[in-house]
Every structure is written in structure tokens, then in C-alpha cells.
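Data file: my_file-v3.pdb. Format and content: PDB, C-alpha atoms.
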```pdb
MODEL        1
ATOM      1  CA  MET A 866     -15.900  19.860 -22.059
ATOM      2  CA  THR A 867     -18.688  17.770 -23.607
ATOM      3  CA  ALA A 868     -17.606  18.815 -27.105
ATOM      4  CA  ALA A 869     -14.056  17.681 -26.341
ATOM      5  CA  VAL A 870     -15.305  14.299 -25.122
ATOM      6  CA  ALA A 871     -17.450  13.885 -28.235
ATOM      7  CA  THR A 872     -14.500  14.511 -30.545
ATOM      8  CA  ASN A 873     -12.291  12.203 -28.434
ATOM      9  CA  ARG A 874     -14.257   9.280 -29.823
ATOM     10  CA  GLU A 875     -13.080   9.897 -33.368
ATOM     11  CA  ILE A 876      -9.514  11.132 -32.773
ATOM     12  CA  PRO A 877      -6.892   8.442 -32.011
ATOM     13  CA  ILE A 878      -5.265   8.767 -28.581
ATOM     14  CA  SER A 879      -1.885   9.742 -30.074
ATOM     15  CA  GLU A 880      -3.360  12.842 -31.734
ATOM     16  CA  ARG A 881      -5.508  14.211 -28.924
ATOM     17  CA  GLY A 882      -2.936  16.679 -27.626
ATOM     18  CA  PRO A 883      -1.940  17.031 -23.979
ATOM     19  CA  ALA A 884      -3.715  14.767 -21.482
ATOM     20  CA  PRO A 885      -5.990  16.348 -18.839
ATOM     21  CA  ARG A 886      -4.207  17.838 -15.835
ATOM     22  CA  LYS A 887      -5.666  15.197 -13.492
ATOM     23  CA  VAL A 888      -4.201  12.362 -15.578
ATOM     24  CA  VAL A 889      -0.743  13.954 -15.809
ATOM     25  CA  VAL A 890      -0.567  14.748 -12.072
ATOM     26  CA  GLY A 891      -1.761  11.251 -11.197
ATOM     27  CA  TYR A 892       0.813   9.657 -13.484
ATOM     28  CA  GLY A 893       3.697  11.696 -12.080
ATOM     29  CA  PHE A 894       2.749  10.880  -8.500
ATOM     30  CA  TRP A 895       2.203   7.231  -9.434
ATOM     31  CA  LEU A 896       5.825   7.092 -10.645
ATOM     32  CA  PHE A 897       6.965   8.517  -7.279
ATOM     33  CA  LEU A 898       4.878   5.926  -5.420
ATOM     34  CA  LEU A 899       6.364   3.078  -7.450
ATOM     35  CA  SER A 900       9.893   4.284  -6.695
ATOM     36  CA  ASP A 901       8.940   4.517  -3.014
ATOM     37  CA  ILE A 902       7.685   0.928  -3.184
ATOM     38  CA  ILE A 903      11.046  -0.068  -4.706
ATOM     39  CA  VAL A 904      12.739   1.486  -1.637
ATOM     40  CA  PHE A 905      10.475  -0.693   0.503
ATOM     41  CA  SER A 906      11.367  -3.728  -1.624
ATOM     42  CA  ALA A 907      15.024  -3.329  -0.582
ATOM     43  CA  LEU A 908      13.951  -3.382   3.086
ATOM     44  CA  PHE A 909      11.705  -6.392   2.403
ATOM     45  CA  ALA A 910      14.677  -8.154   0.786
ATOM     46  CA  ALA A 911      16.850  -7.374   3.826
ATOM     47  CA  TYR A 912      14.141  -8.722   6.140
ATOM     48  CA  ALA A 913      13.650 -11.869   4.050
ATOM     49  CA  VAL A 914      17.390 -12.569   4.155
ATOM     50  CA  LEU A 915      17.898 -11.766   7.847
ATOM     51  CA  SER A 916      14.617 -12.975   9.390
ATOM     52  CA  GLY A 917      16.218 -16.186  10.664
ATOM     53  CA  ARG A 918      19.336 -14.521  12.139
ATOM     54  CA  THR A 919      18.199 -14.034  15.716
ATOM     55  CA  ALA A 920      21.707 -14.332  17.232
ATOM     56  CA  GLY A 921      20.272 -16.266  20.177
ATOM     57  CA  GLY A 922      17.719 -13.511  20.800
ATOM     58  CA  PRO A 923      13.932 -13.732  20.632
ATOM     59  CA  SER A 924      12.346 -14.812  17.335
ATOM     60  CA  GLY A 925       9.317 -13.368  15.619
ATOM     61  CA  VAL A 926       6.918 -15.989  16.986
ATOM     62  CA  GLN A 927       7.925 -15.060  20.558
ATOM     63  CA  LEU A 928       7.626 -11.295  19.979
ATOM     64  CA  PHE A 929       4.590 -10.722  17.757
ATOM     65  CA  HIS A 930       0.974 -10.637  18.929
ATOM     66  CA  ARG A 931      -1.374 -11.405  16.070
ATOM     67  CA  ARG A 932      -4.409  -9.850  17.730
ATOM     68  CA  GLU A 933      -2.685  -6.457  17.995
ATOM     69  CA  VAL A 934      -1.583  -6.722  14.377
ATOM     70  CA  LEU A 935      -5.165  -7.487  13.348
ATOM     71  CA  VAL A 936      -6.349  -4.325  15.150
ATOM     72  CA  GLU A 937      -3.581  -2.280  13.483
ATOM     73  CA  THR A 938      -4.582  -3.697  10.100
ATOM     74  CA  GLY A 939      -8.230  -2.871  10.791
ATOM     75  CA  CYS A 940      -7.274   0.741  11.591
ATOM     76  CA  LEU A 941      -5.398   1.100   8.309
ATOM     77  CA  LEU A 942      -8.122  -0.551   6.214
ATOM     78  CA  ALA A 943     -10.810   1.636   7.773
ATOM     79  CA  SER A 944      -8.657   4.722   7.221
ATOM     80  CA  SER A 945      -8.302   3.756   3.557
ATOM     81  CA  PHE A 946     -12.100   3.652   3.334
ATOM     82  CA  THR A 947     -12.545   7.037   5.046
ATOM     83  CA  CYS A 948      -9.828   8.441   2.746
ATOM     84  CA  ALA A 949     -11.824   7.218  -0.259
ATOM     85  CA  LEU A 950     -14.917   8.953   1.201
ATOM     86  CA  MET A 951     -12.825  12.114   1.586
ATOM     87  CA  SER A 952     -11.841  11.898  -2.101
ATOM     88  CA  LEU A 953     -15.529  11.607  -3.039
ATOM     89  CA  ALA A 954     -16.383  14.653  -0.900
ATOM     90  CA  ILE A 955     -13.588  16.567  -2.655
ATOM     91  CA  GLU A 956     -15.009  15.631  -6.067
ATOM     92  CA  GLN A 957     -18.330  17.085  -4.899
ATOM     93  CA  ARG A 958     -16.569  20.109  -3.366
ATOM     94  CA  ARG A 959     -18.298  19.497  -0.012
ATOM     95  CA  ARG A 960     -15.958  20.958   2.570
ATOM     96  CA  GLY A 961     -17.813  19.799   5.687
ATOM     97  CA  LEU A 962     -17.890  16.197   4.517
ATOM     98  CA  MET A 963     -14.248  16.412   3.466
ATOM     99  CA  VAL A 964     -13.258  17.563   6.962
ATOM    100  CA  VAL A 965     -15.217  14.678   8.536
ATOM    101  CA  GLY A 966     -13.415  12.237   6.232
ATOM    102  CA  ALA A 967     -10.054  13.834   6.998
ATOM    103  CA  LEU A 968     -10.685  13.701  10.775
ATOM    104  CA  ALA A 969     -11.661  10.022  10.613
ATOM    105  CA  THR A 970      -8.619   9.221   8.446
ATOM    106  CA  PHE A 971      -6.334  11.118  10.826
ATOM    107  CA  ALA A 972      -7.797   9.449  13.926
ATOM    108  CA  LEU A 973      -7.433   5.946  12.463
ATOM    109  CA  GLY A 974      -3.922   6.649  11.182
ATOM    110  CA  ALA A 975      -2.903   8.058  14.565
ATOM    111  CA  ALA A 976      -4.416   5.019  16.324
ATOM    112  CA  PHE A 977      -2.349   2.751  14.067
ATOM    113  CA  LEU A 978       0.801   4.732  14.804
ATOM    114  CA  GLY A 979       0.084   4.705  18.555
ATOM    115  CA  LEU A 980      -0.369   0.917  18.568
ATOM    116  CA  GLU A 981       2.828   0.467  16.581
ATOM    117  CA  LEU A 982       4.847   2.728  18.892
ATOM    118  CA  THR A 983       3.475   0.849  21.935
ATOM    119  CA  GLU A 984       4.578  -2.407  20.315
ATOM    120  CA  PHE A 985       8.037  -1.001  19.542
ATOM    121  CA  SER A 986       8.594   0.425  23.044
ATOM    122  CA  GLY A 987       7.394  -2.857  24.585
ATOM    123  CA  MET A 988       9.888  -4.789  22.486
ATOM    124  CA  ILE A 989      12.753  -2.411  23.324
ATOM    125  CA  ALA A 990      11.850  -2.603  27.030
ATOM    126  CA  ARG A 991      12.116  -6.421  26.810
ATOM    127  CA  GLY A 992      15.636  -6.077  25.421
ATOM    128  CA  ALA A 993      14.504  -6.853  21.878
ATOM    129  CA  GLY A 994      15.544  -3.539  20.337
ATOM    130  CA  PRO A 995      17.051  -3.050  16.889
ATOM    131  CA  ASP A 996      20.538  -3.627  18.349
ATOM    132  CA  ARG A 997      19.737  -7.164  19.590
ATOM    133  CA  SER A 998      20.061  -9.159  16.355
ATOM    134  CA  ALA A 999      20.154  -8.829  12.575
ATOM    135  CA  PHE A1000      16.533 -10.042  12.495
ATOM    136  CA  LEU A1001      15.421  -7.219  14.794
ATOM    137  CA  SER A1002      17.481  -4.609  12.901
ATOM    138  CA  ALA A1003      15.741  -5.617   9.675
ATOM    139  CA  PHE A1004      12.355  -5.704  11.449
ATOM    140  CA  PHE A1005      12.685  -2.203  12.914
ATOM    141  CA  ALA A1006      14.025  -0.824   9.608
ATOM    142  CA  LEU A1007      11.120  -2.223   7.569
ATOM    143  CA  VAL A1008       8.205  -1.668   9.965
ATOM    144  CA  GLY A1009       9.701   1.608  11.216
ATOM    145  CA  MET A1010      10.000   2.896   7.636
ATOM    146  CA  HIS A1011       6.315   2.174   7.065
ATOM    147  CA  GLY A1012       5.441   3.886  10.368
ATOM    148  CA  LEU A1013       7.538   6.889   9.346
ATOM    149  CA  HIS A1014       5.585   7.102   6.095
ATOM    150  CA  VAL A1015       2.298   6.999   8.020
ATOM    151  CA  ALA A1016       3.550   9.804  10.300
ATOM    152  CA  ILE A1017       4.522  11.906   7.254
ATOM    153  CA  GLY A1018       1.104  11.166   5.743
ATOM    154  CA  LEU A1019      -0.636  12.428   8.912
ATOM    155  CA  ALA A1020       1.364  15.682   8.812
ATOM    156  CA  TRP A1021       0.517  16.033   5.110
ATOM    157  CA  LEU A1022      -3.192  15.487   5.842
ATOM    158  CA  VAL A1023      -3.213  18.257   8.480
ATOM    159  CA  SER A1024      -1.512  20.578   6.016
ATOM    160  CA  MET A1025      -4.054  19.703   3.293
ATOM    161  CA  VAL A1026      -7.041  20.490   5.533
ATOM    162  CA  ALA A1027      -5.414  23.830   6.382
ATOM    163  CA  GLN A1028      -4.893  24.505   2.665
ATOM    164  CA  VAL A1029      -8.535  23.761   1.854
ATOM    165  CA  PHE A1030      -9.574  26.303   4.486
ATOM    166  CA  THR A1031      -7.067  29.020   3.497
ATOM    167  CA  LEU A1032      -6.790  28.550  -0.281
ATOM    168  CA  GLY A1033     -10.144  26.937  -1.107
ATOM    169  CA  TRP A1034     -10.738  24.522  -3.988
ATOM    170  CA  ARG A1035      -7.942  25.741  -6.242
ATOM    171  CA  PRO A1036      -6.805  23.226  -8.902
ATOM    172  CA  MET A1037      -3.428  23.128  -7.129
ATOM    173  CA  VAL A1038      -5.041  22.139  -3.809
ATOM    174  CA  VAL A1039      -7.325  19.552  -5.429
ATOM    175  CA  ASP A1040      -4.307  17.993  -7.190
ATOM    176  CA  ARG A1041      -2.429  17.773  -3.886
ATOM    177  CA  LEU A1042      -5.438  16.166  -2.206
ATOM    178  CA  ALA A1043      -5.591  13.579  -5.009
ATOM    179  CA  CYS A1044      -1.880  12.860  -4.505
ATOM    180  CA  PHE A1045      -2.413  12.484  -0.756
ATOM    181  CA  ALA A1046      -5.165   9.916  -1.371
ATOM    182  CA  LEU A1047      -2.859   7.949  -3.693
ATOM    183  CA  PHE A1048      -0.075   8.085  -1.079
ATOM    184  CA  TRP A1049      -2.354   6.874   1.703
ATOM    185  CA  HIS A1050      -3.739   3.955  -0.316
ATOM    186  CA  ALA A1051      -0.222   2.967  -1.456
ATOM    187  CA  LEU A1052       0.873   2.808   2.208
ATOM    188  CA  ASP A1053      -1.925   0.307   2.762
ATOM    189  CA  ILE A1054      -0.536  -1.851  -0.050
ATOM    190  CA  VAL A1055       2.877  -1.808   1.645
ATOM    191  CA  TRP A1056       1.227  -2.748   4.953
ATOM    192  CA  ILE A1057      -0.412  -5.778   3.305
ATOM    193  CA  GLY A1058       3.109  -6.948   2.446
ATOM    194  CA  VAL A1059       4.337  -6.173   5.978
ATOM    195  CA  PHE A1060       1.638  -8.039   7.866
ATOM    196  CA  THR A1061       1.759 -11.020   5.512
ATOM    197  CA  ILE A1062       5.539 -11.440   5.399
ATOM    198  CA  VAL A1063       6.618 -10.135   8.820
ATOM    199  CA  TYR A1064       3.755 -10.948  11.193
ATOM    200  CA  LEU A1065       1.897 -13.865   9.608
ATOM    201  CA  GLY A1066       4.997 -15.352   7.994
ATOM    202  CA  ALA A1067       6.860 -15.553  11.340
ATOM    203  CA  ARG A1068       7.769 -19.152  12.056
TER
ATOM    204  CA  MET B 886     -22.966   1.617 -27.755
ATOM    205  CA  ASP B 887     -19.918  -0.555 -28.294
ATOM    206  CA  GLU B 888     -17.312  -1.439 -25.669
ATOM    207  CA  LYS B 889     -14.980   1.434 -26.529
ATOM    208  CA  ASP B 890     -17.753   3.997 -26.154
ATOM    209  CA  GLN B 891     -18.730   2.562 -22.786
ATOM    210  CA  ARG B 892     -15.188   2.893 -21.552
ATOM    211  CA  HIS B 893     -15.148   6.515 -22.646
ATOM    212  CA  ALA B 894     -18.421   7.122 -20.889
ATOM    213  CA  GLN B 895     -16.952   5.629 -17.692
ATOM    214  CA  SER B 896     -13.812   7.731 -17.804
ATOM    215  CA  LYS B 897     -15.950  10.791 -18.515
ATOM    216  CA  GLY B 898     -18.025  10.016 -15.430
ATOM    217  CA  GLN B 899     -14.881   9.921 -13.301
ATOM    218  CA  GLU B 900     -13.621  13.241 -14.616
ATOM    219  CA  THR B 901     -16.694  15.423 -14.231
ATOM    220  CA  PRO B 902     -17.428  16.247 -10.591
ATOM    221  CA  GLY B 903     -20.709  17.353  -9.115
ATOM    222  CA  GLU B 904     -22.975  14.493 -10.166
ATOM    223  CA  SER B 905     -24.926  12.434  -7.645
ATOM    224  CA  ALA B 906     -24.484   9.343  -9.835
ATOM    225  CA  GLY B 907     -20.707   9.689  -9.433
ATOM    226  CA  TRP B 908     -21.162  10.002  -5.664
ATOM    227  CA  ARG B 909     -23.262   6.862  -5.417
ATOM    228  CA  SER B 910     -21.055   4.739  -7.687
ATOM    229  CA  GLY B 911     -17.945   6.029  -5.886
ATOM    230  CA  LEU B 912     -19.464   5.116  -2.530
ATOM    231  CA  ALA B 913     -20.398   1.651  -3.819
ATOM    232  CA  LYS B 914     -16.877   1.158  -5.151
ATOM    233  CA  ALA B 915     -15.233   2.185  -1.861
ATOM    234  CA  GLY B 916     -17.667  -0.038   0.085
ATOM    235  CA  MET B 917     -16.912  -3.010  -2.147
ATOM    236  CA  GLY B 918     -13.186  -2.387  -1.726
ATOM    237  CA  LEU B 919     -13.542  -2.238   2.068
ATOM    238  CA  ALA B 920     -15.675  -5.404   2.205
ATOM    239  CA  ALA B 921     -13.299  -7.344  -0.062
ATOM    240  CA  SER B 922     -10.203  -6.294   1.882
ATOM    241  CA  ILE B 923     -11.836  -7.140   5.254
ATOM    242  CA  VAL B 924     -12.716 -10.627   3.967
ATOM    243  CA  LEU B 925      -9.196 -11.159   2.573
ATOM    244  CA  THR B 926      -7.515  -9.862   5.764
ATOM    245  CA  LEU B 927      -9.576 -12.136   8.006
ATOM    246  CA  ALA B 928      -8.850 -15.036   5.640
ATOM    247  CA  SER B 929      -5.105 -14.287   5.900
ATOM    248  CA  PHE B 930      -5.155 -14.223   9.708
ATOM    249  CA  TRP B 931      -7.250 -17.395   9.771
ATOM    250  CA  ALA B 932      -4.889 -19.153   7.324
ATOM    251  CA  ALA B 933      -1.838 -18.221   9.412
ATOM    252  CA  GLY B 934      -3.243 -19.776  12.594
ATOM    253  CA  THR B 935      -5.154 -22.760  11.294
ATOM    254  CA  HIS B 936      -4.217 -26.409  11.112
ATOM    255  CA  ALA B 937      -6.937 -27.141   8.551
ATOM    256  CA  VAL B 938      -4.523 -26.329   5.733
ATOM    257  CA  TRP B 939      -1.571 -28.558   4.894
ATOM    258  CA  GLY B 940       1.444 -26.884   6.620
ATOM    259  CA  PRO B 941       3.717 -26.218   3.625
ATOM    260  CA  GLY B 942       0.731 -24.852   1.711
ATOM    261  CA  VAL B 943       0.114 -22.036   4.221
ATOM    262  CA  PRO B 944       2.785 -19.617   2.878
ATOM    263  CA  VAL B 945       1.475 -20.120  -0.666
ATOM    264  CA  LEU B 946      -2.078 -19.429   0.525
ATOM    265  CA  LEU B 947      -0.910 -16.305   2.414
ATOM    266  CA  ALA B 948       0.936 -15.041  -0.663
ATOM    267  CA  ALA B 949      -2.128 -15.603  -2.853
ATOM    268  CA  LEU B 950      -4.381 -13.765  -0.373
ATOM    269  CA  ALA B 951      -1.902 -10.854  -0.103
ATOM    270  CA  ILE B 952      -1.609 -10.509  -3.883
ATOM    271  CA  GLY B 953      -5.399 -10.618  -4.155
ATOM    272  CA  GLN B 954      -5.757  -7.910  -1.528
ATOM    273  CA  MET B 955      -3.156  -5.729  -3.244
ATOM    274  CA  GLY B 956      -5.174  -6.127  -6.448
ATOM    275  CA  VAL B 957      -8.359  -5.092  -4.602
ATOM    276  CA  HIS B 958      -6.599  -1.964  -3.299
ATOM    277  CA  LEU B 959      -5.225  -1.090  -6.726
ATOM    278  CA  VAL B 960      -8.603  -1.392  -8.416
ATOM    279  CA  PHE B 961     -11.003  -0.060  -5.763
ATOM    280  CA  PHE B 962      -8.901   2.569  -3.976
ATOM    281  CA  LEU B 963      -6.092   3.584  -6.337
ATOM    282  CA  HIS B 964      -8.492   3.356  -9.315
ATOM    283  CA  VAL B 965      -5.972   1.679 -11.589
ATOM    284  CA  SER B 966      -8.016   0.857 -14.673
ATOM    285  CA  SER B 967      -7.392  -0.591 -18.094
ATOM    286  CA  GLY B 968      -9.091   2.400 -19.730
ATOM    287  CA  PRO B 969      -7.294   4.488 -22.360
ATOM    288  CA  GLU B 970      -6.060   6.985 -19.743
ATOM    289  CA  GLY B 971      -4.704   4.239 -17.487
ATOM    290  CA  THR B 972      -2.377   2.550 -19.975
ATOM    291  CA  ASN B 973       0.704   4.469 -18.835
ATOM    292  CA  ASN B 974      -0.082   3.784 -15.176
ATOM    293  CA  ILE B 975      -0.397   0.042 -15.876
ATOM    294  CA  LEU B 976       2.883  -0.040 -17.811
ATOM    295  CA  ALA B 977       4.660   1.788 -14.966
ATOM    296  CA  LEU B 978       3.074  -0.600 -12.447
ATOM    297  CA  LEU B 979       4.284  -3.636 -14.400
ATOM    298  CA  PHE B 980       7.811  -2.228 -14.486
ATOM    299  CA  GLY B 981       7.615  -1.498 -10.748
ATOM    300  CA  VAL B 982       6.488  -5.073 -10.012
ATOM    301  CA  PHE B 983       9.356  -6.358 -12.187
ATOM    302  CA  VAL B 984      11.965  -4.306 -10.279
ATOM    303  CA  VAL B 985      10.504  -5.270  -6.881
ATOM    304  CA  ALA B 986      10.575  -8.979  -7.824
ATOM    305  CA  LEU B 987      14.145  -8.616  -9.095
ATOM    306  CA  VAL B 988      15.330  -6.889  -5.891
ATOM    307  CA  VAL B 989      13.569  -9.234  -3.445
ATOM    308  CA  PHE B 990      14.088 -12.614  -5.119
ATOM    309  CA  GLY B 991      17.512 -11.663  -6.499
ATOM    310  CA  SER B 992      18.717 -10.707  -3.006
ATOM    311  CA  MET B 993      17.290 -13.881  -1.510
ATOM    312  CA  VAL B 994      18.920 -16.145  -4.106
ATOM    313  CA  ILE B 995      22.299 -14.377  -3.951
ATOM    314  CA  MET B 996      22.371 -14.282  -0.150
ATOM    315  CA  ALA B 997      21.325 -17.942   0.140
ATOM    316  CA  SER B 998      24.096 -18.889  -2.280
ATOM    317  CA  LEU B 999      26.648 -16.782  -0.363
ATOM    318  CA  ASP B1000      25.437 -18.317   2.883
ATOM    319  CA  ALA B1001      25.960 -21.823   1.484
ATOM    320  CA  GLY B1002      29.426 -20.763   0.281
ATOM    321  CA  MET B1003      30.339 -19.369   3.698
ATOM    322  CA  GLY B1004      29.245 -22.613   5.305
ATOM    323  CA  ALA B1005      31.675 -24.524   3.080
ATOM    324  CA  MET B1006      34.411 -22.074   4.035
ATOM    325  CA  ASP B1007      33.746 -22.612   7.733
ATOM    326  CA  GLY B1008      34.248 -26.314   7.131
ATOM    327  CA  LEU B1009      37.564 -25.686   5.354
ATOM    328  CA  MET B1010      38.797 -23.449   8.165
ATOM    329  CA  HIS B1011      38.015 -26.097  10.772
ATOM    330  CA  MET B1012      40.008 -28.637   8.779
ATOM    331  CA  GLN B1013      43.149 -26.514   8.986
ATOM    332  CA  PRO B1014      45.413 -27.336  11.924
TER
ENDMDL
END
```
Please rewrite the model in this file as C-alpha cells.
Amino acid sequence: MTAAVATNREIPISERGPAPRKVVVGYGFWLFLLSDIIVFSALFAAYAVLSGRTAGGPSGVQLFHRREVLVETGCLLASSFTCALMSLAIEQRRRGLMVVGALATFALGAAFLGLELTEFSGMIARGAGPDRSAFLSAFFALVGMHGLHVAIGLAWLVSMVAQVFTLGWRPMVVDRLACFALFWHALDIVWIGVFTIVYLGAR
Amino acid sequence: MDEKDQRHAQSKGQETPGESAGWRSGLAKAGMGLAASIVLTLASFWAAGTHAVWGPGVPVLLAALAIGQMGVHLVFFLHVSSGPEGTNNILALLFGVFVVALVVFGSMVIMASLDAGMGAMDGLMHMQP
């Protein structure tokens, strides 16, 4: 390993042979994440176009509560931090610490999802469901898509903890954990767009 | 040690697990990322509700804060770096940003233009007997 790094200094990058496994896996998953973000961009475009079309129904200013959104954002930011701690524990191969990080990430992600579902059911109960206006259809599509991703991420996290316990620190499992961390942090980036454009941008 | 060597030393430190130095620097990096994103989030929520900023400037301020926070996440949590191993990731990211901008702003411009056209058509239809 150290010999390879020493020779890397003299050999140009084009002649070093295949990149390390970690770099290749990260790059492949990064391409998936970017395409996922492009899917979100279509929903953002739909929301930007339709956000004023309330069809006589309630507008964003009447429906959104900024304090709740701030709490939701805090949950996601904190879960990003605990996810980063989990990644560090994985680098050190400390299973106990990894499980603590995973539990904290799961709890914060689940709290976010619970708050979001409460918000959604409250809106639907007030007659402001996705069928009310084009604005609300676009809102539920965009924010619901992000919530769906968070739910999938939570299921993935549970599966990863189970894999660490049954399979141990195999390269395959470590790669998947690295991909999960990338996925979770990318969801946070999408949420930054959501809370800025949808919740804070509501006029 | 020149700049290139330092960059290699950094990327080497990220690749080899099991060092307490990596643990401490990783923890510091995650803590800095958390602190920066908390500050930027609170600034965004403050900017959205304040009257201290000139009204039309608020959306621009919000956009700047959001882009800054996305940058913080990319650097501190997704570990996007300009090192030799990160070149492909950066190129892919730039292409992704290009496509996202094309989709969002392209849709907005086209739909606004269509909307204006439909408005004119409404006017024509009302003129007919």
C-alpha cells in the first residue's frame, strides 16, 4: 500500500492503472445520485411553474408553518451529522459506535418523516390535498418524493445494520455503507432546495 | 513538500483506515459542516421573515444562502474535493448542475411564454361574437 502511494507520485494519473475500489464505487454511485437529482429538478420545475396556480384554494403562505419546517430541517441536519459520525466509525471498524450512529440517524430521519406525514395529513384534513389545485399537486409530488426517498433511506439503513451484524466488515458491505452515506447526504442537499424554494419562497 | 505532494498525503490519509488522526480530523470536518449548515439555515429562516432586508432582495439572499449551504454539504459531508481522485466527480457534478439549470429555468421560461401566449388567445376569443 505504502509502496504504491510512493510510486504514485512519479507516475502520471493516466498510467496508474485501475483506480482504487473505493473511488470507482463512489464515482458510480455519484452518477446515480446526480441522475436522481435531475429527477428532482423536473419536480422543482413543475413546482416553480405551478406554485401560483391555487385555483381559488389555499396558498402556501396560508398552509405552511415555518417553525415546523425549521424543526424538520434541524432533524435532517443533525441526522447528516450522525451519519458522518457513522461513516467515521465504519472507517475505524468500530461496530458499537457504528450502531449508535445508525440508531441516531434512524431516529432523526424517522422524526423528520413523522413531522412531514403529520403536516401532510393536517393539510389533507383541511381540504388542501393534492387534488385541490395545481399548486398542491406540485407541492405533494415534490415534497412527497423527497419523503419517499427518506423512507427508502431508513429501510436501507436498517438493512445495512443487519448486514454488518451478519456479514461483518466485508468490502462489499463497507462499499454499500459508503453509498448509503452518500445517499443520505444528497437527500439533505435536495431538502435545502425544498425548504428554500417551497417553504421560505412562499409568497 | 510541494502542493501536489500535500494533496497526495491528504488523499492517502482518507484512504487508510484505523488511524486516530483520521478520526480526529474527520470529526472536526463533520463538526465544521454541522456548524456551518446550522448558521446558514438559521440565516435563511431569518432572511425569509425579516423586514430588515429590502423586499425584492430577499429571494436573491435566500438563493445565495441555499447555494452556500449546498456547497458546505458537498465539501464537508459528501467529501467532494479537487484532489486528483475527485476530478471525475467534479466534472459529473458540473454536468449535473448544467442539466438541472436547463430543466428548471428552461421549463420556467417556456411555460411563462406559453402562459403569456394563452392570455393573448383568451383576449382573441372574447373578441369573437
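Comparing the minimum interatomic distances between Leu950 in chain B and each of B:Leu912, B:Val988, B:Leu927, B:Ile995, counting only C-alpha atoms, we find that B:Leu927 sits nearest.
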Expand the ChimeraX specification (/B :<6) & /A into the explicit residue set it covers here, and present it as a PyMOL selection string. chain A and resi 899+903+906+910+914+956-957+1054+1065
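A distance cut-off of 9 Å around (5.5, -14.1, 15.6), counting only C-alpha atoms, selects these protein and nucleic acid residues: Ser924, Gly925, Val926, Gln927, Leu928, Phe929, His930, Arg931, Val1063, Tyr1064, Leu1065, Gly1066, Ala1067 and Arg1068 of chain A.
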Can you tell me which residues surround range 993-1001 of chain A at a distance of at most 6 Å, considering all atoms listed in the file, apart from same-chain residues fewer than 5 positions away, and format the answer as number ranges by chain? A: 915-916, 918-920, 988
Where does the PyMOL selection byres ((chain A and resi 939) around 10) land in this file, that is, which residues does it pick, as an MDAnalysis selection string? (chainID A and resid 933:938 940:945 973 977) or (chainID B and resid 922:923 926:927)
Hey, can you check how far CA of Val888 in chain A sits from CA of Ala1051 in chain A? 17.4 Å
Could you check which of A:Ile955, A:Ala975, A:Cys948, A:Val964 is closest to Ala1020 in chain A, using all atoms listed in the file? A:Ala975
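Coordinates place CA of Trp1021 in chain A at a distance of 16.2 Å from CA of Val965 in chain A.
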Show me the residues close to (-4.6, 8.5, 6.9) - anything with an atom within 6 Å, counting only C-alpha atoms - and format the list as a PyMOL selection string. chain A and resi 944+970-971+974+1019+1049
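Relative to CA of Ile1017 in chain A, CA of Arg960 in chain A is found at 22.9 Å.
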Please define a box with edges along x, y and z of the file around all atoms of range 1014-1022 of chain A given in the file, extend it by 4 Å on each side, and return its centre and edge lengths in Å to one decimal, as JSON.
```
{"center_x": 1.2, "center_y": 11.5, "center_z": 7.7, "size_x": 16.8, "size_y": 17.0, "size_z": 13.2}
```
Name every residue that the PyMOL selection byres ((chain A and resi 985) around 12) selects in this structure, writing the answer as a count of residues only with chains first and numbers rising. 27
